[in-house]
>>> print(open('upload.txt').read())   # compact mmCIF, N, CA and C atoms
# COMPACT_ATOMS: atom_id res chain seq x y z
N MET R 1 61.00 173.36 45.92
CA MET R 1 61.19 171.93 46.09
C MET R 1 60.17 171.22 45.23
N ALA R 2 60.59 170.22 44.53
CA ALA R 2 59.71 169.50 43.61
C ALA R 2 58.79 168.57 44.39
N SER R 3 57.68 168.23 43.78
CA SER R 3 56.72 167.33 44.41
C SER R 3 57.34 165.96 44.58
N GLY R 4 57.08 165.33 45.74
CA GLY R 4 57.57 163.98 45.98
C GLY R 4 59.05 163.92 46.31
N GLY R 5 59.70 165.05 46.54
CA GLY R 5 61.08 165.05 46.93
C GLY R 5 62.05 164.84 45.77
N MET R 6 61.59 164.84 44.53
CA MET R 6 62.46 164.63 43.38
C MET R 6 62.90 165.99 42.84
N LYS R 7 64.18 166.11 42.54
CA LYS R 7 64.71 167.36 42.02
C LYS R 7 64.46 167.45 40.53
N ARG R 8 64.05 168.63 40.07
CA ARG R 8 63.80 168.85 38.65
C ARG R 8 64.66 170.00 38.16
N GLU R 9 65.01 169.94 36.91
CA GLU R 9 65.69 171.04 36.25
C GLU R 9 64.63 171.95 35.64
N ILE R 10 64.94 173.24 35.50
CA ILE R 10 63.97 174.19 34.96
C ILE R 10 63.72 173.92 33.48
N SER R 11 64.77 173.57 32.75
CA SER R 11 64.61 173.37 31.31
C SER R 11 63.99 172.02 30.96
N GLU R 12 63.83 171.15 31.93
CA GLU R 12 63.29 169.81 31.69
C GLU R 12 61.80 169.89 31.38
N THR R 13 61.31 169.03 30.52
CA THR R 13 59.88 168.99 30.22
C THR R 13 59.14 168.39 31.39
N HIS R 14 57.87 168.71 31.49
CA HIS R 14 57.05 168.26 32.61
C HIS R 14 56.67 166.78 32.44
N ASP R 15 56.95 165.98 33.47
CA ASP R 15 56.60 164.56 33.46
C ASP R 15 55.41 164.36 34.39
N ALA R 16 54.22 164.19 33.81
CA ALA R 16 52.99 164.09 34.61
C ALA R 16 52.92 162.80 35.40
N LEU R 17 53.58 161.74 34.94
CA LEU R 17 53.52 160.48 35.69
C LEU R 17 54.32 160.55 36.98
N ARG R 18 55.47 161.24 36.97
CA ARG R 18 56.27 161.32 38.18
C ARG R 18 55.87 162.46 39.09
N PHE R 19 55.53 163.62 38.52
CA PHE R 19 55.30 164.80 39.33
C PHE R 19 53.84 165.17 39.49
N GLY R 20 52.93 164.48 38.84
CA GLY R 20 51.52 164.79 38.96
C GLY R 20 51.08 165.83 37.94
N ILE R 21 49.78 166.05 37.88
CA ILE R 21 49.23 166.94 36.87
C ILE R 21 49.52 168.41 37.21
N ASN R 22 49.44 168.78 38.49
CA ASN R 22 49.58 170.18 38.88
C ASN R 22 51.01 170.59 39.18
N ALA R 23 52.00 169.79 38.83
CA ALA R 23 53.36 170.04 39.28
C ALA R 23 54.09 171.03 38.39
N GLY R 24 53.68 172.26 38.42
CA GLY R 24 54.37 173.33 37.72
C GLY R 24 55.06 174.22 38.73
N VAL R 25 55.39 175.41 38.33
CA VAL R 25 56.03 176.36 39.22
C VAL R 25 55.08 176.76 40.34
N LYS R 26 53.81 176.91 40.02
CA LYS R 26 52.81 177.29 41.01
C LYS R 26 52.70 176.23 42.10
N ALA R 27 52.76 174.95 41.73
CA ALA R 27 52.66 173.88 42.72
C ALA R 27 53.90 173.83 43.60
N ASP R 28 55.05 174.25 43.08
CA ASP R 28 56.26 174.28 43.90
C ASP R 28 56.23 175.42 44.91
N LEU R 29 55.56 176.50 44.58
CA LEU R 29 55.53 177.66 45.46
C LEU R 29 54.43 177.57 46.51
N ALA R 30 53.29 177.06 46.15
CA ALA R 30 52.15 177.01 47.06
C ALA R 30 51.88 175.58 47.51
N PRO R 31 51.46 175.38 48.76
CA PRO R 31 51.12 174.03 49.21
C PRO R 31 49.83 173.56 48.52
N PRO R 32 49.61 172.25 48.50
CA PRO R 32 48.42 171.73 47.82
C PRO R 32 47.10 172.19 48.44
N HIS R 33 47.11 172.51 49.72
CA HIS R 33 45.89 172.92 50.39
C HIS R 33 46.20 174.13 51.28
N PRO R 34 45.30 175.10 51.38
CA PRO R 34 45.58 176.28 52.21
C PRO R 34 45.80 175.95 53.68
N LEU R 35 45.13 174.94 54.18
CA LEU R 35 45.30 174.56 55.58
C LEU R 35 46.68 173.99 55.86
N GLN R 36 47.30 173.39 54.84
CA GLN R 36 48.62 172.79 55.03
C GLN R 36 49.67 173.86 55.36
N SER R 37 49.60 175.01 54.74
CA SER R 37 50.55 176.08 55.05
C SER R 37 50.35 176.58 56.48
N THR R 38 49.11 176.64 56.93
CA THR R 38 48.83 177.06 58.30
C THR R 38 49.40 176.06 59.31
N ILE R 39 49.23 174.78 59.02
CA ILE R 39 49.75 173.75 59.91
C ILE R 39 51.26 173.79 59.96
N GLN R 40 51.90 173.96 58.79
CA GLN R 40 53.36 174.02 58.74
C GLN R 40 53.90 175.24 59.46
N SER R 41 53.27 176.39 59.27
CA SER R 41 53.75 177.60 59.93
C SER R 41 53.54 177.53 61.44
N GLU R 42 52.43 176.92 61.88
CA GLU R 42 52.20 176.78 63.31
C GLU R 42 53.20 175.82 63.94
N ALA R 43 53.51 174.73 63.24
CA ALA R 43 54.49 173.77 63.76
C ALA R 43 55.87 174.43 63.86
N LYS R 44 56.23 175.23 62.85
CA LYS R 44 57.52 175.94 62.88
C LYS R 44 57.53 176.97 64.01
N PHE R 45 56.42 177.67 64.23
CA PHE R 45 56.33 178.66 65.30
C PHE R 45 56.56 178.01 66.66
N TRP R 46 55.89 176.87 66.92
CA TRP R 46 56.02 176.22 68.22
C TRP R 46 57.40 175.58 68.40
N ALA R 47 58.00 175.10 67.31
CA ALA R 47 59.36 174.55 67.40
C ALA R 47 60.36 175.66 67.74
N ASP R 48 60.20 176.83 67.10
CA ASP R 48 61.09 177.96 67.40
C ASP R 48 60.89 178.45 68.83
N LYS R 49 59.64 178.48 69.27
CA LYS R 49 59.34 178.92 70.64
C LYS R 49 59.94 177.95 71.67
N LYS R 50 59.85 176.65 71.38
CA LYS R 50 60.41 175.65 72.29
C LYS R 50 61.94 175.75 72.30
N LYS R 51 62.54 175.99 71.12
CA LYS R 51 63.99 176.13 71.05
C LYS R 51 64.45 177.38 71.81
N PHE R 52 63.70 178.47 71.70
CA PHE R 52 64.03 179.69 72.42
C PHE R 52 63.92 179.47 73.93
N GLY R 53 62.90 178.74 74.36
CA GLY R 53 62.73 178.46 75.79
C GLY R 53 63.84 177.59 76.35
N THR R 54 64.23 176.56 75.62
CA THR R 54 65.32 175.70 76.12
C THR R 54 66.64 176.44 76.12
N GLU R 55 66.82 177.37 75.17
CA GLU R 55 68.05 178.17 75.16
C GLU R 55 68.08 179.12 76.36
N ALA R 56 66.93 179.66 76.74
CA ALA R 56 66.87 180.56 77.89
C ALA R 56 67.11 179.80 79.20
N ILE R 57 66.65 178.56 79.26
CA ILE R 57 66.79 177.79 80.50
C ILE R 57 68.15 177.10 80.59
N TYR R 58 68.56 176.39 79.53
CA TYR R 58 69.75 175.54 79.59
C TYR R 58 70.97 176.13 78.89
N GLY R 59 70.81 177.18 78.11
CA GLY R 59 71.93 177.76 77.38
C GLY R 59 71.94 177.29 75.93
N SER R 60 72.79 177.92 75.13
CA SER R 60 72.80 177.63 73.69
C SER R 60 73.43 176.27 73.39
N ALA R 61 74.29 175.76 74.27
CA ALA R 61 74.94 174.47 74.02
C ALA R 61 73.93 173.33 73.98
N PHE R 62 72.84 173.46 74.72
CA PHE R 62 71.82 172.41 74.73
C PHE R 62 71.19 172.23 73.36
N ASN R 63 70.83 173.35 72.72
CA ASN R 63 70.22 173.27 71.39
C ASN R 63 71.21 172.78 70.35
N ILE R 64 72.47 173.20 70.46
CA ILE R 64 73.49 172.72 69.53
C ILE R 64 73.67 171.22 69.67
N ARG R 65 73.72 170.74 70.90
CA ARG R 65 73.87 169.29 71.14
C ARG R 65 72.65 168.52 70.62
N LYS R 66 71.47 169.07 70.84
CA LYS R 66 70.25 168.43 70.36
C LYS R 66 70.21 168.37 68.84
N ASP R 67 70.65 169.44 68.16
CA ASP R 67 70.70 169.44 66.70
C ASP R 67 71.72 168.42 66.17
N LEU R 68 72.86 168.32 66.83
CA LEU R 68 73.86 167.33 66.42
C LEU R 68 73.34 165.91 66.61
N ASP R 69 72.69 165.66 67.74
CA ASP R 69 72.10 164.34 67.97
C ASP R 69 71.04 164.01 66.93
N ALA R 70 70.24 165.00 66.55
CA ALA R 70 69.20 164.78 65.54
C ALA R 70 69.84 164.46 64.19
N GLN R 71 70.93 165.13 63.83
CA GLN R 71 71.61 164.83 62.57
C GLN R 71 72.19 163.43 62.57
N ILE R 72 72.77 163.02 63.68
CA ILE R 72 73.37 161.68 63.76
C ILE R 72 72.28 160.61 63.71
N LEU R 73 71.22 160.79 64.48
CA LEU R 73 70.17 159.77 64.54
C LEU R 73 69.33 159.71 63.28
N SER R 74 69.26 160.80 62.51
CA SER R 74 68.47 160.76 61.28
C SER R 74 69.21 160.01 60.18
N ARG R 75 70.52 159.87 60.28
CA ARG R 75 71.28 159.14 59.26
C ARG R 75 71.43 157.66 59.58
N PHE R 76 71.23 157.27 60.83
CA PHE R 76 71.41 155.87 61.22
C PHE R 76 70.28 155.03 60.68
N GLN R 77 70.62 153.97 59.96
CA GLN R 77 69.62 153.05 59.44
C GLN R 77 70.12 151.62 59.53
N ARG R 78 69.20 150.71 59.69
CA ARG R 78 69.52 149.30 59.70
C ARG R 78 69.83 148.86 58.27
N PRO R 79 70.74 147.89 58.09
CA PRO R 79 71.01 147.38 56.73
C PRO R 79 69.75 146.78 56.13
N PRO R 80 69.61 146.82 54.79
CA PRO R 80 68.42 146.26 54.17
C PRO R 80 68.29 144.78 54.45
N GLY R 81 67.11 144.34 54.71
CA GLY R 81 66.89 142.94 55.02
C GLY R 81 65.46 142.71 55.46
N ALA R 82 65.29 141.75 56.34
CA ALA R 82 63.95 141.34 56.75
C ALA R 82 63.27 142.38 57.64
N LEU R 83 64.03 143.08 58.46
CA LEU R 83 63.45 144.06 59.38
C LEU R 83 63.68 145.47 58.87
N PRO R 84 62.63 146.26 58.72
CA PRO R 84 62.82 147.64 58.26
C PRO R 84 63.42 148.51 59.37
N SER R 85 64.09 149.58 58.98
CA SER R 85 64.67 150.51 59.93
C SER R 85 63.55 151.35 60.54
N SER R 86 63.51 151.41 61.86
CA SER R 86 62.42 152.12 62.52
C SER R 86 62.77 153.54 62.91
N MET R 87 64.05 153.90 62.95
CA MET R 87 64.50 155.24 63.34
C MET R 87 63.97 155.59 64.74
N LEU R 88 64.02 154.64 65.66
CA LEU R 88 63.45 154.81 67.00
C LEU R 88 64.14 155.91 67.78
N GLY R 89 65.46 156.01 67.69
CA GLY R 89 66.18 157.05 68.42
C GLY R 89 65.80 158.44 67.95
N TYR R 90 65.67 158.62 66.64
CA TYR R 90 65.28 159.93 66.09
C TYR R 90 63.85 160.28 66.49
N GLU R 91 62.96 159.29 66.45
CA GLU R 91 61.58 159.54 66.85
C GLU R 91 61.48 159.89 68.33
N ALA R 92 62.31 159.26 69.16
CA ALA R 92 62.30 159.57 70.59
C ALA R 92 62.84 160.97 70.84
N LEU R 93 63.87 161.37 70.08
CA LEU R 93 64.46 162.69 70.26
C LEU R 93 63.51 163.79 69.81
N THR R 94 62.82 163.59 68.70
CA THR R 94 61.92 164.62 68.19
C THR R 94 60.54 164.60 68.84
N GLY R 95 60.22 163.54 69.56
CA GLY R 95 58.92 163.46 70.20
C GLY R 95 57.82 162.96 69.30
N SER R 96 58.17 162.36 68.17
CA SER R 96 57.15 161.88 67.24
C SER R 96 56.72 160.44 67.52
N LEU R 97 57.17 159.87 68.64
CA LEU R 97 56.72 158.52 69.01
C LEU R 97 55.23 158.50 69.34
N ASP R 98 54.73 159.61 69.84
CA ASP R 98 53.33 159.68 70.24
C ASP R 98 52.38 159.91 69.07
N ASP R 99 52.92 160.31 67.92
CA ASP R 99 52.08 160.54 66.74
C ASP R 99 51.81 159.20 66.05
N PHE R 100 50.53 158.88 65.90
CA PHE R 100 50.13 157.63 65.27
C PHE R 100 49.16 157.96 64.15
N GLY R 101 49.68 158.05 62.93
CA GLY R 101 48.86 158.42 61.79
C GLY R 101 48.37 157.21 61.02
N PHE R 102 47.54 157.47 60.01
CA PHE R 102 46.99 156.37 59.23
C PHE R 102 48.07 155.63 58.45
N GLU R 103 49.18 156.32 58.12
CA GLU R 103 50.24 155.66 57.36
C GLU R 103 50.97 154.61 58.20
N ASP R 104 50.74 154.59 59.51
CA ASP R 104 51.38 153.60 60.36
C ASP R 104 50.69 152.23 60.31
N TYR R 105 49.44 152.17 59.88
CA TYR R 105 48.76 150.88 59.87
C TYR R 105 48.05 150.56 58.56
N LEU R 106 47.91 151.50 57.64
CA LEU R 106 47.26 151.22 56.37
C LEU R 106 48.29 151.02 55.26
N ASN R 107 47.96 150.18 54.30
CA ASN R 107 48.76 149.95 53.11
C ASN R 107 50.17 149.48 53.43
N MET R 108 50.27 148.52 54.34
CA MET R 108 51.57 147.95 54.68
C MET R 108 52.00 147.00 53.58
N PRO R 109 53.24 147.10 53.07
CA PRO R 109 53.67 146.22 51.99
C PRO R 109 53.71 144.75 52.41
N GLN R 110 53.92 144.48 53.69
CA GLN R 110 53.98 143.10 54.16
C GLN R 110 52.63 142.41 54.07
N ASP R 111 51.54 143.17 54.04
CA ASP R 111 50.21 142.59 53.96
C ASP R 111 49.77 142.28 52.53
N SER R 112 50.57 142.68 51.54
CA SER R 112 50.22 142.48 50.15
C SER R 112 50.41 141.03 49.73
N ASP R 113 49.61 140.59 48.76
CA ASP R 113 49.74 139.22 48.24
C ASP R 113 51.00 139.05 47.39
N SER R 114 51.45 140.11 46.75
CA SER R 114 52.60 140.01 45.86
C SER R 114 53.91 140.45 46.53
N PHE R 115 53.96 140.42 47.85
CA PHE R 115 55.16 140.84 48.58
C PHE R 115 56.24 139.77 48.48
N ARG R 116 57.47 140.22 48.16
CA ARG R 116 58.63 139.33 48.16
C ARG R 116 59.58 139.76 49.27
N GLN R 117 60.24 138.78 49.87
CA GLN R 117 61.24 139.12 50.89
C GLN R 117 62.40 139.86 50.24
N PRO R 118 62.91 140.92 50.86
CA PRO R 118 64.03 141.65 50.27
C PRO R 118 65.31 140.84 50.32
N ASP R 119 66.15 141.02 49.31
CA ASP R 119 67.44 140.35 49.24
C ASP R 119 68.46 141.26 49.91
N MET R 120 68.99 140.83 51.05
CA MET R 120 69.88 141.65 51.84
C MET R 120 71.19 141.94 51.09
N HIS R 121 71.70 140.96 50.38
CA HIS R 121 72.98 141.15 49.67
C HIS R 121 72.82 142.18 48.55
N HIS R 122 71.74 142.08 47.78
CA HIS R 122 71.52 143.04 46.70
C HIS R 122 71.30 144.44 47.27
N GLY R 123 70.58 144.53 48.38
CA GLY R 123 70.33 145.83 49.00
C GLY R 123 71.62 146.51 49.44
N MET R 124 72.54 145.76 50.02
CA MET R 124 73.81 146.35 50.43
C MET R 124 74.66 146.72 49.23
N GLU R 125 74.60 145.93 48.16
CA GLU R 125 75.34 146.28 46.94
C GLU R 125 74.83 147.58 46.35
N VAL R 126 73.51 147.79 46.36
CA VAL R 126 72.95 149.03 45.85
C VAL R 126 73.34 150.20 46.74
N ARG R 127 73.30 150.00 48.06
CA ARG R 127 73.65 151.07 48.99
C ARG R 127 75.12 151.47 48.86
N LEU R 128 76.00 150.50 48.60
CA LEU R 128 77.42 150.79 48.46
C LEU R 128 77.81 151.22 47.06
N GLY R 129 76.87 151.18 46.11
CA GLY R 129 77.14 151.62 44.75
C GLY R 129 77.74 150.55 43.86
N LEU R 130 77.69 149.30 44.27
CA LEU R 130 78.25 148.22 43.46
C LEU R 130 77.25 147.67 42.45
N SER R 131 75.97 147.90 42.67
CA SER R 131 74.93 147.39 41.80
C SER R 131 73.89 148.48 41.58
N LYS R 132 73.07 148.31 40.55
CA LYS R 132 72.03 149.29 40.26
C LYS R 132 70.67 148.65 40.46
N GLY R 133 69.68 149.50 40.62
CA GLY R 133 68.32 149.00 40.78
C GLY R 133 67.77 149.40 42.13
N PRO R 134 66.52 149.06 42.39
CA PRO R 134 65.93 149.39 43.70
C PRO R 134 66.55 148.53 44.78
N ILE R 135 66.63 149.08 45.98
CA ILE R 135 67.19 148.32 47.10
C ILE R 135 66.34 147.13 47.42
N CYS R 136 65.03 147.33 47.39
CA CYS R 136 64.12 146.24 47.75
C CYS R 136 62.99 146.14 46.73
N PRO R 137 63.13 145.32 45.70
CA PRO R 137 62.00 145.13 44.77
C PRO R 137 60.95 144.26 45.43
N SER R 138 59.94 144.88 46.05
CA SER R 138 59.01 144.13 46.87
C SER R 138 57.82 143.56 46.09
N PHE R 139 57.62 143.99 44.87
CA PHE R 139 56.48 143.48 44.12
C PHE R 139 56.95 142.75 42.87
N ILE R 140 56.26 141.70 42.54
CA ILE R 140 56.62 140.87 41.38
C ILE R 140 56.29 141.56 40.09
>>> encode(input="upload.txt", output="structure tokens")
Amino acid sequence: MASGGMKREISETHDALRFGINAGVKADLAPPHPLQSTIQSEAKFWADKKKFGTEAIYGSAFNIRKDLDAQILSRFQRPPGALPSSMLGYEALTGSLDDFGFEDYLNMPQDSDSFRQPDMHHGMEVRLGLSKGPICPSFI
């Protein structure tokens, strides 16, 4: 998986502005920090253990239903406009409502001096494929 969630072709030249300086094959295979792989593997271990426990208690249909609900709630978003989509249902289902990280209160675009209100009509045109450009050009 490419850095920043952007897909790259193998034959493509390296773009340091989009993918960073270390974004080669080695960066795609190894996490940026050794502790990050430990955290990810531990989170996957506990998620699998919890899924196994719920399957033992409630049966396999419970996990299938929970996975379907997670797929549905992860795709639901509010139309572009004044209020951002909070994904509250998905956060409640996954239990991430209790996690409060620094990204929740630092570097908010609404606090910037150059913030512009998003144009709801342009955002829907971009989402439906009628127009090109960013959904919400928030900076001048």
>>> atom_distance(input="upload.txt", atom1="atom N of Phe52 of chain R", atom2="atom C of Gly89 of chain R")
20.5 Å
>>> atom_distance(input="upload.txt", atom1="atom CA of Leu73 of chain R", atom2="atom N of Tyr90 of chain R")
5.1 Å
>>> atom_distance(input="upload.txt", atom1="atom CA of Met87 of chain R", atom2="atom CA of Ser74 of chain R")
7.1 Å
